[in-house]
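Okay, structure first, notes after.
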Amino acid sequence: MNLTPGKLWGMRRMADAKGIFKMTAVDQRPPIKGPIAQALDVAEAPWDEVARFKRLLIETLQPGSTALLLDPHFAIPHAIDVMSPEKGLVVTLEDSVFEETPGGRLSDSIDDWSVNKIKRMGGDAVKVLAWYRPDATPEVCRAQQDYVKRVGAACARFDIPFLFELLVYPLAADADQTRDYVEMQGKNTDHVLASVAEFAKPDYGVDVFKLESPVAAAAADGSAGVQDAFDEMGRLAGRPWVMLSAGAGQAEFRRILEHAFRAGASGFLAGRAIWLDAFRAYPDWDAIRQGLSGGAVAYLDEIGALADAQATPWNAHPVFGGEAGFRPADASFRHQYAEM
């Protein structure tokens, strides 16, 4: 797995000097918009309320983060001016509104948004979440695969890292069907592992995986059987990977990270596990700020220290053969470096 100069630079920007990813997600839309709308008893959360919370997240949590994941709806237009240029900038591409069909979910990009625009605005990486069930209908699986391939090809064209997030979900016929952005009840480990195996194929162009726990968060108990599932997930990924929190509680997510780091994960990209407790105080902005600057910052520091101690540096992943870099023999690389 060789890195081009743009991908190498973006990977380095997302991590700390030792190659560990400690990234905070601020791109959530339904998990923030929904509670705000409910608290205000309105059909749609006011734009300025959502944007205000995201600005507060960036101001409060960026000191303990190596990179931040922002969205073009709220976080970028309202808060990019307070984001430190010392932090990596990951930008989301996928629309939070997906199409639910009898055969499974279909993902697509935000309207009038693209890999090209993310690169132009100075993004260090493109993040895409794709819902996936290997037992969805063949048509749905093919559509999701084609979507991810298109994104991977665009990231290669514009020479920017592709950070790919996978989530299994309940099909329409499942008893625990929900459209919420939460861990699927009754999650099947085999579905998670099969999904990782599919998108680890080289034709998808994934540079970093953002993965969910292969077992239910509450089942991540430190046992050998659970560790086996994490080990297999890391083996199948075959490249640097980080853990997502999927709404897990703080104690649960810490246990998940311990499993993941033993399996070779290079860090985390998490949101609600860090800031959800503080957000529950909405619309009390003083209480939210206090919760973020207190408990959220302390938790981010805690899992950051855990990553420092146990995570595998991304550039030490075996896929790079011991050294990740861009070192052409001479200056001739520029002749093959295509124009965008």
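Chain labels A, B, ... are given in the sequence in which chains occur in the structure tokens; within each chain residues are numbered consecutively from 1, and ligands are likewise numbered from 1 in the order shown.
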
Produce a table with one row for each residue of region 194-264 of chain A that has an atom at most 12 Å from any atom of region 17-38 of chain A, each row naming the nearest atom pair and its distance in Å at one decimal; use only C-alpha atoms; arrange rows by chain and rising residue number; format as a tab-separated table.
```
residue	atom	partner	partner_atom	distance
A:Val208	CA	A:Phe21	CA	10.6
A:Phe209	CA	A:Phe21	CA	11.8
A:Lys210	CA	A:Met23	CA	10.8
A:Pro240	CA	A:Phe21	CA	9.8
A:Trp241	CA	A:Phe21	CA	9.2
A:Val242	CA	A:Phe21	CA	7.4
A:Met243	CA	A:Phe21	CA	9.9
A:Leu244	CA	A:Ala25	CA	9.1
A:Ser245	CA	A:Ala25	CA	9.9
A:Ala246	CA	A:Pro31	CA	10.4
A:Gly247	CA	A:Pro31	CA	9.1
A:Leu257	CA	A:Lys22	CA	11.7
A:Phe261	CA	A:Ile20	CA	11.0
A:Gly264	CA	A:Ile20	CA	11.4
```

Each region 33-108 of chain A residue no farther than 9 Å from region 158-169 of chain A, nearest pair in Å, only C-alpha atoms, as JSON lines:
```
{"residue": "A:Val90", "atom": "CA", "partner": "A:Leu163", "partner_atom": "CA", "distance": 8.5}
{"residue": "A:Gly104", "atom": "CA", "partner": "A:Tyr169", "partner_atom": "CA", "distance": 8.9}
{"residue": "A:Arg105", "atom": "CA", "partner": "A:Tyr169", "partner_atom": "CA", "distance": 8.6}
```

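Proximity of A:Arg133, A:Ala43, A:Ala248, A:Pro170 to Val192 (chain A), computed with only C-alpha atoms, is greatest for A:Arg133.
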
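Among A:Ala265, A:Leu106, A:Val319, A:Ala296, the residue with the shortest atom-to-atom distance to Pro63 (chain A), counting only C-alpha atoms, is A:Ala296.
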
Which residues are near Val97 (chain A)? Cut-off 12 Å, only C-alpha atoms, ignore same chain within fewer than 4 positions. Put them as a PDB file with N, CA, C and O atoms, in the first residue's frame.
```pdb
ATOM      1  N   GLN A  28     -22.371  15.197  13.306  1.00  0.00           N
ATOM      2  CA  GLN A  28     -23.689  14.584  13.503  1.00  0.00           C
ATOM      3  C   GLN A  28     -24.801  15.568  13.159  1.00  0.00           C
ATOM      4  O   GLN A  28     -24.728  16.754  13.494  1.00  0.00           O
ATOM      5  N   ARG A  29     -25.832  15.029  12.541  1.00  0.00           N
ATOM      6  CA  ARG A  29     -26.988  15.855  12.209  1.00  0.00           C
ATOM      7  C   ARG A  29     -28.227  15.351  12.934  1.00  0.00           C
ATOM      8  O   ARG A  29     -28.635  15.986  13.909  1.00  0.00           O
ATOM      9  N   PRO A  30     -28.839  14.227  12.590  1.00  0.00           N
ATOM     10  CA  PRO A  30     -30.010  13.774  13.352  1.00  0.00           C
ATOM     11  C   PRO A  30     -29.783  13.642  14.859  1.00  0.00           C
ATOM     12  O   PRO A  30     -30.667  14.029  15.645  1.00  0.00           O
ATOM     13  N   LEU A  93     -19.051  13.822   3.655  1.00  0.00           N
ATOM     14  CA  LEU A  93     -19.594  13.919   2.303  1.00  0.00           C
ATOM     15  C   LEU A  93     -21.021  13.375   2.215  1.00  0.00           C
ATOM     16  O   LEU A  93     -21.835  13.883   1.444  1.00  0.00           O
ATOM     17  N   ARG A 105     -30.953  -0.041   2.853  1.00  0.00           N
ATOM     18  CA  ARG A 105     -30.740   1.397   2.780  1.00  0.00           C
ATOM     19  C   ARG A 105     -29.790   1.776   1.644  1.00  0.00           C
ATOM     20  O   ARG A 105     -28.821   1.082   1.353  1.00  0.00           O
ATOM     21  N   LEU A 106     -30.088   2.952   1.057  1.00  0.00           N
ATOM     22  CA  LEU A 106     -29.271   3.504  -0.006  1.00  0.00           C
ATOM     23  C   LEU A 106     -28.689   4.835   0.437  1.00  0.00           C
ATOM     24  O   LEU A 106     -29.418   5.721   0.901  1.00  0.00           O
ATOM     25  N   SER A 107     -27.388   4.976   0.310  1.00  0.00           N
ATOM     26  CA  SER A 107     -26.691   6.198   0.717  1.00  0.00           C
ATOM     27  C   SER A 107     -26.408   7.072  -0.500  1.00  0.00           C
ATOM     28  O   SER A 107     -26.335   6.599  -1.629  1.00  0.00           O
ATOM     29  N   ASP A 108     -26.212   8.354  -0.239  1.00  0.00           N
ATOM     30  CA  ASP A 108     -25.828   9.283  -1.302  1.00  0.00           C
ATOM     31  C   ASP A 108     -25.113  10.467  -0.666  1.00  0.00           C
ATOM     32  O   ASP A 108     -25.166  10.656   0.564  1.00  0.00           O
ATOM     33  N   SER A 109     -24.497  11.277  -1.492  1.00  0.00           N
ATOM     34  CA  SER A 109     -23.762  12.437  -0.998  1.00  0.00           C
ATOM     35  C   SER A 109     -24.698  13.611  -0.747  1.00  0.00           C
ATOM     36  O   SER A 109     -25.808  13.676  -1.295  1.00  0.00           O
ATOM     37  N   ILE A 110     -24.247  14.540   0.060  1.00  0.00           N
ATOM     38  CA  ILE A 110     -24.968  15.794   0.275  1.00  0.00           C
ATOM     39  C   ILE A 110     -25.109  16.509  -1.065  1.00  0.00           C
ATOM     40  O   ILE A 110     -24.170  16.529  -1.876  1.00  0.00           O
ATOM     41  N   ASP A 111     -26.268  17.086  -1.315  1.00  0.00           N
ATOM     42  CA  ASP A 111     -26.484  17.771  -2.583  1.00  0.00           C
ATOM     43  C   ASP A 111     -25.509  18.938  -2.754  1.00  0.00           C
ATOM     44  O   ASP A 111     -25.226  19.687  -1.814  1.00  0.00           O
ATOM     45  N   LEU A 129     -19.962   7.807   5.441  1.00  0.00           N
ATOM     46  CA  LEU A 129     -20.640   6.714   6.127  1.00  0.00           C
ATOM     47  C   LEU A 129     -21.547   6.022   5.122  1.00  0.00           C
ATOM     48  O   LEU A 129     -22.338   6.678   4.444  1.00  0.00           O
ATOM     49  N   ALA A 130     -21.433   4.708   5.044  1.00  0.00           N
ATOM     50  CA  ALA A 130     -22.358   3.926   4.217  1.00  0.00           C
ATOM     51  C   ALA A 130     -22.977   2.840   5.073  1.00  0.00           C
ATOM     52  O   ALA A 130     -22.273   2.052   5.702  1.00  0.00           O
ATOM     53  N   TRP A 131     -24.307   2.828   5.110  1.00  0.00           N
ATOM     54  CA  TRP A 131     -25.017   1.739   5.770  1.00  0.00           C
ATOM     55  C   TRP A 131     -24.832   0.481   4.929  1.00  0.00           C
ATOM     56  O   TRP A 131     -24.913   0.527   3.707  1.00  0.00           O
ATOM     57  N   ARG A 179     -34.638   3.996  12.426  1.00  0.00           N
ATOM     58  CA  ARG A 179     -33.853   4.870  11.549  1.00  0.00           C
ATOM     59  C   ARG A 179     -32.855   5.706  12.352  1.00  0.00           C
ATOM     60  O   ARG A 179     -32.148   6.530  11.781  1.00  0.00           O
ATOM     61  N   ASP A 180     -32.821   5.510  13.646  1.00  0.00           N
ATOM     62  CA  ASP A 180     -31.933   6.305  14.490  1.00  0.00           C
ATOM     63  C   ASP A 180     -30.474   5.908  14.283  1.00  0.00           C
ATOM     64  O   ASP A 180     -30.156   4.774  13.932  1.00  0.00           O
ATOM     65  N   TYR A 181     -29.596   6.872  14.551  1.00  0.00           N
ATOM     66  CA  TYR A 181     -28.153   6.638  14.448  1.00  0.00           C
ATOM     67  C   TYR A 181     -27.650   6.067  15.767  1.00  0.00           C
ATOM     68  O   TYR A 181     -26.943   6.716  16.538  1.00  0.00           O
TER      69      TYR A 181
END
```

> What does the distance from CA of Leu193 (chain A) to CA of Ala154 (chain A) come to in Å, to one decimal?
Replying inline: 25.7 Å

>> DSSP on the backbone, helix (DSSP H, G or I) only: what residues of region 107-274 of chain A does that give? Format it as a ChimeraX atom specification.
In response: /A:115-120,138-157,189-199,202-204,217-219,224-237,250-262,272-274

>> Just to confirm, what's the straight-line distance from CA of Phe53 (chain A) to CA of Ser114 (chain A) in Å (one decimal)?
In response: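 Straight-line distance from CA of Phe53 (chain A) to CA of Ser114 (chain A) works out to 24.9 Å.
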
>> Please list as number ranges by chain every residue within 10 Å of region 274-276 of chain A, counting only C-alpha atoms and excluding residues in the same chain fewer than 3 positions away.
In response: A: 24-26, 31-32, 57, 61, 245, 247-250, 253, 270-271, 279-281, 288, 291-293, 295-301, 303

>> Ranking A:Arg239, A:His259, A:Arg13, A:Arg289 by minimum distance to Gly321 (chain A) and counting only C-alpha atoms, which one comes first?
In response: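 Between A:Arg239, A:His259, A:Arg13, A:Arg289, the residue approaching Gly321 (chain A) most closely is A:Arg239.
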
>> Using only C-alpha atoms, can you tell me which of A:Ala216, A:Leu171, A:Val148, A:Val226 comes closest to Asp203 (chain A)?
In response: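 Using only C-alpha atoms, the shortest distance to Asp203 (chain A) belongs to A:Val148.
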
>> Just want the 9 Å neighbourhood of Met11 (chain A), counted on only C-alpha atoms, with same-chain residues fewer than 3 positions away dropped. Output as number ranges by chain.
In response: A: 6-8, 14-15, 19, 88, 124-125, 160-161, 207-208, 314-315

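With only C-alpha atoms as the atoms that count, the residue of A:Glu339, A:Gly222, A:Ala324, A:Ile256 with the shortest distance to Arg12 (chain A) is A:Ala324.
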
> Excluding same-chain residues fewer than 6 positions from Ala172 (chain A), what lies within 8 Å of it counting only C-alpha atoms, as a VMD selection string?
Replying inline: chain A and resid 100 to 104

Could you write out the selected residues, including N, CA and C atoms, as a PDB file, in the first residue's frame?
```pdb
ATOM      1  N   GLU A 100     -34.719   4.519   2.555  1.00  0.00           N
ATOM      2  CA  GLU A 100     -35.057   3.223   3.134  1.00  0.00           C
ATOM      3  C   GLU A 100     -35.938   2.476   2.144  1.00  0.00           C
ATOM      4  N   THR A 101     -35.458   1.334   1.677  1.00  0.00           N
ATOM      5  CA  THR A 101     -36.230   0.521   0.735  1.00  0.00           C
ATOM      6  C   THR A 101     -36.515  -0.836   1.379  1.00  0.00           C
ATOM      7  N   PRO A 102     -37.440  -1.596   0.835  1.00  0.00           N
ATOM      8  CA  PRO A 102     -37.692  -2.941   1.394  1.00  0.00           C
ATOM      9  C   PRO A 102     -36.448  -3.824   1.392  1.00  0.00           C
ATOM     10  N   GLY A 103     -35.528  -3.562   0.464  1.00  0.00           N
ATOM     11  CA  GLY A 103     -34.339  -4.397   0.371  1.00  0.00           C
ATOM     12  C   GLY A 103     -33.131  -3.880   1.115  1.00  0.00           C
ATOM     13  N   GLY A 104     -33.241  -2.685   1.727  1.00  0.00           N
ATOM     14  CA  GLY A 104     -32.109  -2.126   2.458  1.00  0.00           C
ATOM     15  C   GLY A 104     -31.960  -0.636   2.215  1.00  0.00           C
TER      16      GLY A 104
END
```

> CA of Thr66 (chain A) and CA of Lys87 (chain A), how far apart in Å?
Replying inline: 5.6 Å

> With only C-alpha atoms as the atoms that count, which of A:Lys54, A:Lys201, A:Arg262, A:His335 lies nearest to Ala229 (chain A)?
Replying inline: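 Residue with the minimum atom-to-atom distance to Ala229 (chain A): A:Arg262.
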
> Neighbours of Asp190 (chain A) within 12 Å (only C-alpha atoms; same-chain residues fewer than 2 positions away dropped), as a list in words?
Replying inline: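 Listing them by chain and then by number gives Arg133, Pro134, Asp135, Val168, Gly186, Lys187, Asn188, Val192, Leu193, Ala194, Ser195, Val196, Ala197, Ser213, Pro214, Val215, Ala229, Phe230, Glu232 and Met233 of chain A.
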
>> I'd like to know which residues of region 9-139 of chain A are strand (DSSP E) (by DSSP, run on the backbone); could you write them as a PyMOL selection string?
In response: chain A and resi 21-25+67-70+88-92+99-101+104-106+125-131

Write out the residues from the selection above, keeping N, CA and C atoms, as a PDB file, in the first residue's frame.
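The result, written out as out_34.pdb:
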```pdb
ATOM      1  N   PHE A  21      -4.400   8.565  16.008  1.00  0.00           N
ATOM      2  CA  PHE A  21      -5.589   9.355  15.695  1.00  0.00           C
ATOM      3  C   PHE A  21      -6.420   9.544  16.970  1.00  0.00           C
ATOM      4  N   LYS A  22      -6.634  10.789  17.348  1.00  0.00           N
ATOM      5  CA  LYS A  22      -7.543  11.127  18.461  1.00  0.00           C
ATOM      6  C   LYS A  22      -8.511  12.185  17.923  1.00  0.00           C
ATOM      7  N   MET A  23      -9.511  11.701  17.197  1.00  0.00           N
ATOM      8  CA  MET A  23     -10.364  12.586  16.415  1.00  0.00           C
ATOM      9  C   MET A  23     -11.760  12.682  17.023  1.00  0.00           C
ATOM     10  N   THR A  24     -12.303  13.893  16.987  1.00  0.00           N
ATOM     11  CA  THR A  24     -13.628  14.154  17.537  1.00  0.00           C
ATOM     12  C   THR A  24     -14.605  14.463  16.419  1.00  0.00           C
ATOM     13  N   ALA A  25     -15.753  13.799  16.439  1.00  0.00           N
ATOM     14  CA  ALA A  25     -16.783  13.984  15.425  1.00  0.00           C
ATOM     15  C   ALA A  25     -17.735  15.098  15.827  1.00  0.00           C
ATOM     16  N   ALA A  67      -7.679  15.827  15.276  1.00  0.00           N
ATOM     17  CA  ALA A  67      -8.438  16.262  14.111  1.00  0.00           C
ATOM     18  C   ALA A  67      -9.900  16.358  14.494  1.00  0.00           C
ATOM     19  N   LEU A  68     -10.659  17.115  13.713  1.00  0.00           N
ATOM     20  CA  LEU A  68     -12.091  17.273  13.920  1.00  0.00           C
ATOM     21  C   LEU A  68     -12.815  16.925  12.631  1.00  0.00           C
ATOM     22  N   LEU A  69     -13.958  16.275  12.781  1.00  0.00           N
ATOM     23  CA  LEU A  69     -14.810  15.926  11.643  1.00  0.00           C
ATOM     24  C   LEU A  69     -15.969  16.907  11.605  1.00  0.00           C
ATOM     25  N   LEU A  70     -16.051  17.693  10.527  1.00  0.00           N
ATOM     26  CA  LEU A  70     -17.062  18.741  10.411  1.00  0.00           C
ATOM     27  C   LEU A  70     -17.980  18.469   9.225  1.00  0.00           C
ATOM     28  N   GLY A  88      -6.170  18.626  12.267  1.00  0.00           N
ATOM     29  CA  GLY A  88      -6.593  18.084  10.986  1.00  0.00           C
ATOM     30  C   GLY A  88      -8.065  18.352  10.738  1.00  0.00           C
ATOM     31  N   LEU A  89      -8.417  18.563   9.484  1.00  0.00           N
ATOM     32  CA  LEU A  89      -9.796  18.850   9.100  1.00  0.00           C
ATOM     33  C   LEU A  89     -10.334  17.708   8.242  1.00  0.00           C
ATOM     34  N   VAL A  90     -11.254  16.945   8.806  1.00  0.00           N
ATOM     35  CA  VAL A  90     -11.950  15.878   8.089  1.00  0.00           C
ATOM     36  C   VAL A  90     -13.356  16.394   7.787  1.00  0.00           C
ATOM     37  N   VAL A  91     -13.818  16.203   6.562  1.00  0.00           N
ATOM     38  CA  VAL A  91     -15.112  16.760   6.159  1.00  0.00           C
ATOM     39  C   VAL A  91     -16.012  15.632   5.664  1.00  0.00           C
ATOM     40  N   THR A  92     -17.258  15.673   6.126  1.00  0.00           N
ATOM     41  CA  THR A  92     -18.209  14.628   5.750  1.00  0.00           C
ATOM     42  C   THR A  92     -18.801  14.891   4.369  1.00  0.00           C
ATOM     43  N   GLU A  99     -32.157   6.668   1.839  1.00  0.00           N
ATOM     44  CA  GLU A  99     -33.389   6.093   1.299  1.00  0.00           C
ATOM     45  C   GLU A  99     -33.591   4.707   1.889  1.00  0.00           C
ATOM     46  N   GLU A 100     -34.719   4.519   2.555  1.00  0.00           N
ATOM     47  CA  GLU A 100     -35.057   3.223   3.134  1.00  0.00           C
ATOM     48  C   GLU A 100     -35.938   2.476   2.144  1.00  0.00           C
ATOM     49  N   THR A 101     -35.458   1.334   1.677  1.00  0.00           N
ATOM     50  CA  THR A 101     -36.230   0.521   0.735  1.00  0.00           C
ATOM     51  C   THR A 101     -36.515  -0.836   1.379  1.00  0.00           C
ATOM     52  N   GLY A 104     -33.241  -2.685   1.727  1.00  0.00           N
ATOM     53  CA  GLY A 104     -32.109  -2.126   2.458  1.00  0.00           C
ATOM     54  C   GLY A 104     -31.960  -0.636   2.215  1.00  0.00           C
ATOM     55  N   ARG A 105     -30.953  -0.041   2.853  1.00  0.00           N
ATOM     56  CA  ARG A 105     -30.740   1.397   2.780  1.00  0.00           C
ATOM     57  C   ARG A 105     -29.790   1.776   1.644  1.00  0.00           C
ATOM     58  N   LEU A 106     -30.088   2.952   1.057  1.00  0.00           N
ATOM     59  CA  LEU A 106     -29.271   3.504  -0.006  1.00  0.00           C
ATOM     60  C   LEU A 106     -28.689   4.835   0.437  1.00  0.00           C
ATOM     61  N   ALA A 125      -9.073  15.217   4.735  1.00  0.00           N
ATOM     62  CA  ALA A 125      -9.605  13.885   4.441  1.00  0.00           C
ATOM     63  C   ALA A 125     -11.094  13.998   4.168  1.00  0.00           C
ATOM     64  N   VAL A 126     -11.610  13.031   3.424  1.00  0.00           N
ATOM     65  CA  VAL A 126     -13.036  12.916   3.127  1.00  0.00           C
ATOM     66  C   VAL A 126     -13.595  11.753   3.923  1.00  0.00           C
ATOM     67  N   LYS A 127     -14.683  12.001   4.639  1.00  0.00           N
ATOM     68  CA  LYS A 127     -15.327  10.929   5.391  1.00  0.00           C
ATOM     69  C   LYS A 127     -16.680  10.607   4.769  1.00  0.00           C
ATOM     70  N   VAL A 128     -16.936   9.314   4.612  1.00  0.00           N
ATOM     71  CA  VAL A 128     -18.231   8.841   4.131  1.00  0.00           C
ATOM     72  C   VAL A 128     -18.711   7.718   5.035  1.00  0.00           C
ATOM     73  N   LEU A 129     -19.962   7.807   5.441  1.00  0.00           N
ATOM     74  CA  LEU A 129     -20.640   6.714   6.127  1.00  0.00           C
ATOM     75  C   LEU A 129     -21.547   6.022   5.122  1.00  0.00           C
ATOM     76  N   ALA A 130     -21.433   4.708   5.044  1.00  0.00           N
ATOM     77  CA  ALA A 130     -22.358   3.926   4.217  1.00  0.00           C
ATOM     78  C   ALA A 130     -22.977   2.840   5.073  1.00  0.00           C
ATOM     79  N   TRP A 131     -24.307   2.828   5.110  1.00  0.00           N
ATOM     80  CA  TRP A 131     -25.017   1.739   5.770  1.00  0.00           C
ATOM     81  C   TRP A 131     -24.832   0.481   4.929  1.00  0.00           C
TER      82      TRP A 131
END
```
